[in-house]
Every structure is written in structure tokens, then in C-alpha cells.
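Enquirer: Structure: final_29.txt, compact mmCIF, C-alpha atoms.
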# COMPACT_ATOMS: atom_id res chain seq x y z
CA MET A 1090 -44.64 -4.63 107.19
CA LYS A 1091 -42.59 -7.75 108.00
CA THR A 1092 -38.97 -6.68 108.46
CA LEU A 1093 -35.74 -8.65 108.28
CA ILE A 1094 -32.70 -6.98 109.86
CA VAL A 1095 -29.27 -8.13 108.67
CA PHE A 1096 -26.57 -6.84 111.02
CA ASN A 1097 -22.79 -6.99 110.66
CA HIS A 1098 -20.35 -5.65 113.24
CA PRO A 1099 -17.97 -7.77 115.32
CA TYR A 1100 -17.98 -5.54 118.40
CA GLY A 1101 -21.04 -5.76 120.62
CA GLY A 1102 -20.50 -2.24 121.99
CA SER A 1103 -20.30 -0.58 118.58
CA TYR A 1104 -22.43 2.34 117.46
CA CYS A 1105 -23.84 0.02 114.81
CA ALA A 1106 -25.15 -2.17 117.65
CA SER A 1107 -26.90 0.89 119.08
CA ILE A 1108 -28.43 1.51 115.67
CA MET A 1109 -29.75 -2.06 115.53
CA ALA A 1110 -31.24 -1.62 119.01
CA ALA A 1111 -32.93 1.63 117.90
CA VAL A 1112 -34.41 -0.08 114.83
CA GLU A 1113 -35.73 -2.97 116.92
CA LYS A 1114 -37.14 -0.58 119.54
CA GLY A 1115 -38.95 1.39 116.85
CA LEU A 1116 -40.39 -1.78 115.32
CA ASP A 1117 -41.49 -2.95 118.78
CA LYS A 1118 -43.33 0.36 119.27
CA SER A 1119 -45.14 -0.07 115.97
CA SER A 1120 -45.91 -3.75 116.64
CA GLN A 1121 -44.45 -4.63 113.27
CA PRO A 1122 -43.09 -8.20 113.11
CA TYR A 1123 -39.37 -8.54 112.55
CA LYS A 1124 -36.52 -11.02 112.61
CA THR A 1125 -32.82 -10.29 113.07
CA ILE A 1126 -29.77 -11.97 111.56
CA ASN A 1127 -26.54 -11.12 113.39
CA LEU A 1128 -23.92 -12.36 110.94
CA ASP A 1129 -21.05 -12.09 113.43
CA GLN A 1130 -22.80 -13.86 116.29
CA GLU A 1131 -23.98 -16.59 113.93
CA GLU A 1132 -20.42 -16.96 112.55
CA PHE A 1133 -21.62 -16.78 108.98
CA ASP A 1134 -18.99 -17.96 106.49
CA PRO A 1135 -18.80 -15.20 103.85
CA VAL A 1136 -16.48 -17.06 101.47
CA MET A 1137 -17.81 -18.32 98.16
CA ARG A 1138 -16.57 -21.91 98.13
CA SER A 1139 -16.40 -24.13 95.04
CA LYS A 1140 -19.73 -25.75 96.00
CA ASP A 1141 -21.34 -22.31 96.07
CA LEU A 1142 -20.04 -21.46 92.60
CA ILE A 1143 -21.29 -24.81 91.32
CA ALA A 1144 -24.71 -24.00 92.75
CA PHE A 1145 -24.58 -20.49 91.27
CA ALA A 1146 -23.84 -21.89 87.81
CA GLY A 1147 -26.49 -24.59 88.07
CA ALA A 1148 -29.28 -22.47 89.54
CA GLY A 1149 -30.02 -20.83 86.20
CA ARG A 1150 -30.74 -24.23 84.67
CA THR A 1151 -32.22 -26.31 87.48
CA GLY A 1152 -33.51 -23.65 89.89
CA GLU A 1153 -33.75 -24.58 93.55
CA GLU A 1154 -32.42 -28.09 92.92
CA ALA A 1155 -28.97 -26.54 92.57
CA LEU A 1156 -29.15 -25.23 96.14
CA ALA A 1157 -28.80 -28.72 97.62
CA VAL A 1158 -25.05 -28.23 98.07
CA VAL A 1159 -25.01 -24.76 99.67
CA ASP A 1160 -24.60 -24.05 103.38
CA GLU A 1161 -27.57 -24.85 105.63
CA MET A 1162 -27.28 -21.31 106.98
CA VAL A 1163 -27.88 -19.92 103.50
CA ILE A 1164 -31.03 -22.02 103.18
CA ARG A 1165 -32.26 -20.66 106.52
CA TYR A 1166 -31.58 -17.11 105.39
CA LYS A 1167 -33.43 -17.87 102.16
CA GLY A 1168 -36.55 -18.69 104.16
CA MET A 1169 -36.23 -15.49 106.16
CA LEU A 1170 -35.85 -13.40 102.99
CA GLU A 1171 -38.91 -15.07 101.50
CA TRP A 1172 -40.85 -14.04 104.62
CA ALA A 1173 -39.74 -10.40 104.62
CA GLU A 1174 -41.33 -7.37 102.97
CA HIS A 1175 -38.68 -4.94 104.22
CA LEU A 1176 -34.96 -5.70 104.41
CA VAL A 1177 -32.82 -3.54 106.72
CA MET A 1178 -29.04 -3.87 106.48
CA ILE A 1179 -26.82 -2.30 109.17
CA PHE A 1180 -23.03 -2.24 108.91
CA PRO A 1181 -19.97 0.05 108.99
CA ILE A 1182 -18.18 1.31 105.89
CA TRP A 1183 -14.66 -0.08 105.90
CA TRP A 1184 -12.19 0.89 103.16
CA MET A 1185 -15.04 2.67 101.39
CA THR A 1186 -17.32 -0.37 101.11
CA MET A 1187 -19.09 -3.07 103.11
CA PRO A 1188 -17.35 -5.53 105.47
CA ALA A 1189 -16.59 -9.07 104.36
CA MET A 1190 -19.59 -10.69 106.06
CA THR A 1191 -22.04 -8.28 104.44
CA LYS A 1192 -20.39 -8.83 101.04
CA GLY A 1193 -20.54 -12.58 101.63
CA PHE A 1194 -24.25 -12.33 102.46
CA ILE A 1195 -24.80 -10.59 99.13
CA ASP A 1196 -22.65 -13.13 97.25
CA LYS A 1197 -24.19 -16.23 98.84
CA VAL A 1198 -27.80 -15.23 99.58
CA ILE A 1199 -28.71 -12.63 96.92
CA PHE A 1200 -28.27 -15.54 94.59
CA PRO A 1201 -30.08 -17.11 91.60
CA ALA A 1202 -32.96 -19.38 92.68
CA ILE A 1203 -32.99 -17.54 96.01
CA ALA A 1204 -33.33 -13.82 95.30
CA TYR A 1205 -33.80 -13.54 91.55
CA THR A 1206 -34.37 -15.25 88.23
CA MET A 1207 -33.37 -14.34 84.69
CA GLU A 1208 -36.26 -13.38 82.40
CA ASP A 1209 -35.82 -12.05 78.86
CA GLY A 1210 -32.19 -11.32 79.54
CA ARG A 1211 -32.87 -9.29 82.69
CA LEU A 1212 -32.69 -10.10 86.39
CA LYS A 1213 -36.02 -10.18 88.20
CA SER A 1214 -36.53 -10.38 91.95
CA ARG A 1215 -38.35 -13.47 93.20
CA LEU A 1216 -38.60 -12.07 96.73
CA PRO A 1217 -41.61 -10.35 98.32
CA LEU A 1218 -39.40 -7.40 99.31
CA GLU A 1219 -41.10 -4.05 98.84
CA ARG A 1220 -38.31 -1.97 100.37
CA VAL A 1221 -34.65 -2.12 101.33
CA THR A 1222 -33.15 0.25 103.90
CA ILE A 1223 -29.38 0.41 104.32
CA ILE A 1224 -27.94 2.09 107.43
CA THR A 1225 -24.19 2.66 107.48
CA THR A 1226 -21.61 4.37 109.65
CA MET A 1227 -18.30 5.84 108.52
CA ASN A 1228 -15.72 8.35 109.65
CA THR A 1229 -15.34 9.85 106.18
CA PRO A 1230 -17.16 13.16 105.54
CA ALA A 1231 -20.15 12.82 103.22
CA GLU A 1232 -18.66 15.24 100.67
CA ALA A 1233 -15.39 13.30 100.49
CA TYR A 1234 -17.19 9.97 100.13
CA ARG A 1235 -19.24 11.44 97.29
CA ASP A 1236 -16.57 13.45 95.49
CA MET A 1237 -13.47 11.30 96.01
CA PHE A 1238 -15.00 7.82 96.17
CA ASN A 1239 -18.13 8.29 94.03
CA ASN A 1240 -20.44 7.00 96.80
CA ALA A 1241 -18.96 3.54 96.27
CA LEU A 1242 -21.71 1.77 98.19
CA GLU A 1243 -24.38 3.28 95.97
CA GLY A 1244 -22.78 1.76 92.89
CA SER A 1245 -22.09 -1.68 94.34
CA LEU A 1246 -25.02 -2.39 96.66
CA ILE A 1247 -27.88 -0.04 95.83
CA ASN A 1248 -27.69 0.15 92.03
CA GLY A 1249 -25.46 -2.85 91.36
CA THR A 1250 -27.39 -5.31 93.51
CA PHE A 1251 -30.89 -4.40 94.69
CA LYS A 1252 -32.00 -2.15 91.86
CA LYS A 1253 -30.33 -4.50 89.40
CA ILE A 1254 -32.70 -7.29 90.46
CA GLY A 1255 -35.70 -4.95 90.28
CA ILE A 1256 -36.18 -3.61 93.81
CA GLU A 1257 -36.69 0.11 93.25
CA ASP A 1258 -37.45 1.33 96.78
CA VAL A 1259 -33.95 1.35 98.26
CA ARG A 1260 -33.17 3.90 100.98
CA TRP A 1261 -29.74 4.71 102.37
CA ILE A 1262 -29.21 6.31 105.77
CA SER A 1263 -25.53 7.27 105.81
CA LEU A 1264 -24.15 8.45 109.15
CA ASN A 1265 -20.84 10.21 108.50
CA GLU A 1266 -17.96 11.35 110.70
CA VAL A 1267 -19.31 9.16 113.49
CA ARG A 1268 -16.07 9.12 115.48
CA GLN A 1269 -15.96 12.92 115.48
CA ALA A 1270 -19.65 13.36 116.31
CA SER A 1271 -20.71 14.62 119.72
CA ASP A 1272 -22.65 12.37 122.09
CA GLU A 1273 -25.63 14.67 121.59
CA LEU A 1274 -25.53 14.23 117.83
CA ARG A 1275 -25.16 10.46 118.12
CA LYS A 1276 -28.16 10.30 120.44
CA SER A 1277 -30.21 12.42 118.03
CA TRP A 1278 -29.39 10.04 115.17
CA LEU A 1279 -30.58 7.08 117.25
CA THR A 1280 -33.77 8.90 118.22
CA HIS A 1281 -34.49 9.71 114.57
CA ILE A 1282 -33.91 6.09 113.52
CA GLU A 1283 -36.16 4.78 116.29
CA GLU A 1284 -38.92 7.23 115.34
CA THR A 1285 -38.56 6.33 111.66
CA PHE A 1286 -39.11 2.63 112.34
CA ALA A 1287 -41.89 3.29 114.85
CA ARG A 1288 -44.08 4.66 112.07
CA ARG A 1289 -46.38 2.11 110.50
Any chance you could give the structure as C-alpha cells?
Expert:
Amino acid sequence: MKTLIVFNHPYGGSYCASIMAAVEKGLDKSSQPYKTINLDQEEFDPVMRSKDLIAFAGAGRTGEEALAVVDEMVIRYKGMLEWAEHLVMIFPIWWMTMPAMTKGFIDKVIFPAIAYTMEDGRLKSRLPLERVTIITTMNTPAEAYRDMFNNALEGSLINGTFKKIGIEDVRWISLNEVRQASDELRKSWLTHIEETFARR
């Protein structure tokens, strides 16, 4: 399965970076082809500018012609998404949701004429994606994130984005209380992730 990894964390020594390395190591073991987008290293601009909103409004009428004004980086990411069968997103939970660059990727790339079309009043994916896997880290306990914050990411990204455009196979690996976790537990999480992605 061709896999596209989208990574967002500004610190190269973060635990999220170790997660990305574990995913890539697992994919290497399985000989599955993959590509990686590191939004921070690539200095992706997450802000929806006026030209992006113009393209968003026009894409429903003129399709890909409306994309002529968007960032060249977005067009490159479009090609990578159109290649991928499995999208893996790795990022920390900050203030109960995704960081700005991840949100900007959703706003500017999961976009009409790139990721979906409107058919019979419903959104329909135009991507070859068969699966999306989201891997997040947070310091909040799982029970608190569920009971106090209603699993905010599930509503916004899983149901409100990917399932909304028709991608049903969306998996979420949530690593909680990371700061409090022992080194042994952190290593076991990385081993599990590597083994998961090493399976064909």
C-alpha cells in the first residue's frame, strides 16, 4: 500500500519525531513505498489567503482550473495525495486540537477539486485513499479528553473531515499522558507502531 506521511512538529527531538521514524522503519521493513511531508521543515504556510478562498469558491464551478492561483506547495501536495492509498498524519494535540500547520493542511489541501467533489448534495472523495491513520500525542488523560472535551479531534478531523468526504477507514492511535509516561512505556509504544506498519 502506497503511504503518504504528513508530519507536523517544530522540534526535531520531539516524541512525535520518534513516532515518524518508527512508522518509516516499519514501512521500510515491509518494503511498502512511502513519501513523507514534513510541514515544519518545508515551512508550509497554513494560512488561508484571499487567493485560496477565491480558489475554494471557484473550484465547485470550474474544477481544477480554479487551482491556478493556489500555492505551488499545495499543488505538489495534491500530486502526492493522488499517489497515496494510505494517509498517515502525525502531530501533537495542542489546546485539545491539531496544531496550526496541520489545520492549514486540511484547509488548503483537503480542498474541492483536490480531495473531493460535490455530487447530489454530498461530498465525495476524489482521492485513491483507502485508509487514513492519525497518530497523536497529548499530556491529557484519555478519560479527560473523552469526558471533558468530547474527543474534539474525532469530531473535527475524523468525522468532520475524512468521513465527511467518504473515507470510512479512519484509524486513530492516541498516545496519552506522554510527558508522564516512563521511558519503558514510550519505547513500547514505538515498538508497537513500528510492528503495525511493518505488516503488509
Enquirer: Would you work out the distance separating atom CA of Glu1208 of chain A from atom CA of Gly1152 of chain A, expressed in Å to one decimal?
Expert: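 These atoms are spaced 13.0 Å apart.
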Enquirer: Taking (-32.3, 0.3, 95.0) in the coordinates of the supplied file, I want to know which residues reach to within 12 Å of it, counting only C-alpha atoms; could you give the answer as an mmCIF file with C-alpha atoms, in the frame of the given file?
Expert:
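Saved the output as result_2.cif:
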data_model
loop_
_atom_site.group_PDB
_atom_site.id
_atom_site.type_symbol
_atom_site.label_atom_id
_atom_site.label_comp_id
_atom_site.auth_asym_id
_atom_site.auth_seq_id
_atom_site.Cartn_x
_atom_site.Cartn_y
_atom_site.Cartn_z
ATOM 1 C CA LEU A 1176 -34.960 -5.700 104.410
ATOM 2 C CA SER A 1214 -36.530 -10.380 91.950
ATOM 3 C CA LEU A 1218 -39.400 -7.400 99.310
ATOM 4 C CA GLU A 1219 -41.100 -4.050 98.840
ATOM 5 C CA ARG A 1220 -38.310 -1.970 100.370
ATOM 6 C CA VAL A 1221 -34.650 -2.120 101.330
ATOM 7 C CA THR A 1222 -33.150 0.250 103.900
ATOM 8 C CA ILE A 1223 -29.380 0.410 104.320
ATOM 9 C CA LEU A 1242 -21.710 1.770 98.190
ATOM 10 C CA GLU A 1243 -24.380 3.280 95.970
ATOM 11 C CA GLY A 1244 -22.780 1.760 92.890
ATOM 12 C CA SER A 1245 -22.090 -1.680 94.340
ATOM 13 C CA LEU A 1246 -25.020 -2.390 96.660
ATOM 14 C CA ILE A 1247 -27.880 -0.040 95.830
ATOM 15 C CA ASN A 1248 -27.690 0.150 92.030
ATOM 16 C CA GLY A 1249 -25.460 -2.850 91.360
ATOM 17 C CA THR A 1250 -27.390 -5.310 93.510
ATOM 18 C CA PHE A 1251 -30.890 -4.400 94.690
ATOM 19 C CA LYS A 1252 -32.000 -2.150 91.860
ATOM 20 C CA LYS A 1253 -30.330 -4.500 89.400
ATOM 21 C CA ILE A 1254 -32.700 -7.290 90.460
ATOM 22 C CA GLY A 1255 -35.700 -4.950 90.280
ATOM 23 C CA ILE A 1256 -36.180 -3.610 93.810
ATOM 24 C CA GLU A 1257 -36.690 0.110 93.250
ATOM 25 C CA ASP A 1258 -37.450 1.330 96.780
ATOM 26 C CA VAL A 1259 -33.950 1.350 98.260
ATOM 27 C CA ARG A 1260 -33.170 3.900 100.980
ATOM 28 C CA TRP A 1261 -29.740 4.710 102.370
#
Enquirer: What's the 9 Å shell around segment 1133-1145 of chain A, counting all atoms listed in the file, without same-chain residues fewer than 4 positions away, as a list in words?
Expert: Asn1127, Leu1128, Asp1129, Gly1149, Glu1154, Ala1155, Leu1156, Ala1157, Val1158, Val1159, Asp1160, Met1162, Val1163, Ala1189, Met1190, Thr1191, Lys1192, Gly1193, Phe1194, Ile1195, Asp1196, Lys1197, Phe1200, Pro1201 and Ala1202 of chain A
Enquirer: Would you mind telling me which residue in A:Tyr1234, A:Tyr1123, A:Tyr1100, A:Tyr1205 lies nearest to Glu1266 of chain A when using all atoms listed in the file?
Expert: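 Nearest candidate to Glu1266 of chain A out of A:Tyr1234, A:Tyr1123, A:Tyr1100, A:Tyr1205: A:Tyr1234.
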Enquirer: Find the residues near Lys1124 of chain A: any atom within 8 Å, counting all atoms listed in the file, skip ones fewer than 2 places away on the same chain, and give them as a PDB file with C-alpha atoms, keeping the file's coordinate frame.
Expert:
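Now in part-v2.pdb:
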ATOM      1  CA  THR A1092     -38.970  -6.680 108.460  1.00  0.00           C
ATOM      2  CA  LEU A1093     -35.740  -8.650 108.280  1.00  0.00           C
ATOM      3  CA  ILE A1094     -32.700  -6.980 109.860  1.00  0.00           C
ATOM      4  CA  PRO A1122     -43.090  -8.200 113.110  1.00  0.00           C
ATOM      5  CA  ILE A1126     -29.770 -11.970 111.560  1.00  0.00           C
ATOM      6  CA  MET A1169     -36.230 -15.490 106.160  1.00  0.00           C
TER       7      MET A1169
END
Enquirer: Have a look at atom CA of Arg1288 of chain A and atom CA of Ala1110 of chain A and let me know their distance in Å, one decimal.
Expert: 15.9 Å
Enquirer: Pick the closest to Arg1215 of chain A from A:Ile1108, A:Met1178, A:Val1095, A:Ala1173: which is it, counting only C-alpha atoms?
Expert: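 Among A:Ile1108, A:Met1178, A:Val1095, A:Ala1173, it is A:Ala1173 that comes nearest to Arg1215 of chain A.
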Enquirer: What's the 6 Å shell around Ala1111 of chain A, counting all atoms listed in the file, without same-chain residues fewer than 2 positions away, as a ChimeraX atom specification?
Expert: /A:1108-1109,1113-1114,1279,1283
Enquirer: I need the residue nearest Arg1235 of chain A from this list: A:Met1185, A:Asp1209, A:Gly1102, A:Thr1280. Use all atoms listed in the file for the distance.
Expert: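 Of the candidates, the smallest distance to Arg1235 of chain A is held by A:Met1185.
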Enquirer: Pick the closest to Phe1096 of chain A from A:Leu1274, A:Ile1179, A:Val1112, A:Ile1262: which is it, counting only C-alpha atoms?
Expert: A:Ile1179
Enquirer: Under the rule that only C-alpha atoms are counted, which of A:Pro1181, A:Thr1151, A:Leu1264, A:Arg1211 is the nearest residue to Ser1277 of chain A?
Expert: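 Closest to Ser1277 of chain A of all the choices is A:Leu1264.
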Enquirer: Would you mind telling me which residue in A:Phe1180, A:Lys1213, A:Ile1203, A:Ala1148 lies nearest to Ser1103 of chain A when using only C-alpha atoms?
Expert: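 Of all the options, A:Phe1180 lies closest to Ser1103 of chain A.
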Enquirer: For atom CA of Glu1284 of chain A and atom CA of Gly1115 of chain A, determine how far apart the two atoms are, in Å to one decimal place.
Expert: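 Interatomic distance, atom CA of Glu1284 of chain A to atom CA of Gly1115 of chain A: 6.0 Å.
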Enquirer: When you look at Trp1183 of chain A with a cut-off of 10 Å (counting all atoms listed in the file), what residues show up, excluding the ones that are within fewer than 6 positions of it in the same chain? I need them as a list in words.
Expert: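 The contact residues come out as Ala1189, Thr1226, Met1227, Asn1228 and Thr1229 of chain A.
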Enquirer: With N, CA and C atoms as the goal, would you fill in the gaps in segment 1162-1180 of chain A and present it as a CSV table (one decimal), in the frame of the given file?
Expert:
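Printed below is selection19.csv as written:
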chain,number,residue,atom,x,y,z
A,1162,MET,N,-27.0,-22.7,106.5
A,1162,MET,CA,-27.3,-21.3,107.0
A,1162,MET,C,-27.9,-20.5,105.9
A,1163,VAL,N,-27.4,-20.6,104.7
A,1163,VAL,CA,-27.9,-19.9,103.5
A,1163,VAL,C,-29.3,-20.3,103.2
A,1164,ILE,N,-29.7,-21.6,103.4
A,1164,ILE,CA,-31.0,-22.0,103.2
A,1164,ILE,C,-32.0,-21.4,104.2
A,1165,ARG,N,-31.5,-21.3,105.5
A,1165,ARG,CA,-32.3,-20.7,106.5
A,1165,ARG,C,-32.5,-19.2,106.2
A,1166,TYR,N,-31.4,-18.5,105.8
A,1166,TYR,CA,-31.6,-17.1,105.4
A,1166,TYR,C,-32.5,-16.9,104.2
A,1167,LYS,N,-32.5,-17.9,103.3
A,1167,LYS,CA,-33.4,-17.9,102.2
A,1167,LYS,C,-34.9,-17.8,102.7
A,1168,GLY,N,-35.2,-18.7,103.6
A,1168,GLY,CA,-36.6,-18.7,104.2
A,1168,GLY,C,-36.9,-17.4,104.8
A,1169,MET,N,-36.0,-16.8,105.5
A,1169,MET,CA,-36.2,-15.5,106.2
A,1169,MET,C,-36.4,-14.4,105.1
A,1170,LEU,N,-35.7,-14.4,104.1
A,1170,LEU,CA,-35.8,-13.4,103.0
A,1170,LEU,C,-37.2,-13.6,102.3
A,1171,GLU,N,-37.6,-14.8,102.1
A,1171,GLU,CA,-38.9,-15.1,101.5
A,1171,GLU,C,-40.1,-14.7,102.4
A,1172,TRP,N,-39.8,-14.5,103.7
A,1172,TRP,CA,-40.8,-14.0,104.6
A,1172,TRP,C,-41.0,-12.5,104.6
A,1173,ALA,N,-39.9,-11.8,104.4
A,1173,ALA,CA,-39.7,-10.4,104.6
A,1173,ALA,C,-40.3,-9.5,103.5
A,1174,GLU,N,-40.9,-8.4,103.9
A,1174,GLU,CA,-41.3,-7.4,103.0
A,1174,GLU,C,-40.4,-6.2,103.0
A,1175,HIS,N,-39.6,-6.0,104.1
A,1175,HIS,CA,-38.7,-4.9,104.2
A,1175,HIS,C,-37.4,-5.5,104.7
A,1176,LEU,N,-36.3,-5.3,104.0
A,1176,LEU,CA,-35.0,-5.7,104.4
A,1176,LEU,C,-34.2,-4.5,104.9
A,1177,VAL,N,-33.6,-4.6,106.1
A,1177,VAL,CA,-32.8,-3.5,106.7
A,1177,VAL,C,-31.4,-4.1,106.9
A,1178,MET,N,-30.4,-3.4,106.3
A,1178,MET,CA,-29.0,-3.9,106.5
A,1178,MET,C,-28.3,-2.8,107.3
A,1179,ILE,N,-27.6,-3.2,108.3
A,1179,ILE,CA,-26.8,-2.3,109.2
A,1179,ILE,C,-25.4,-2.8,109.2
A,1180,PHE,N,-24.4,-1.9,108.9
A,1180,PHE,CA,-23.0,-2.2,108.9
A,1180,PHE,C,-22.2,-1.0,108.8
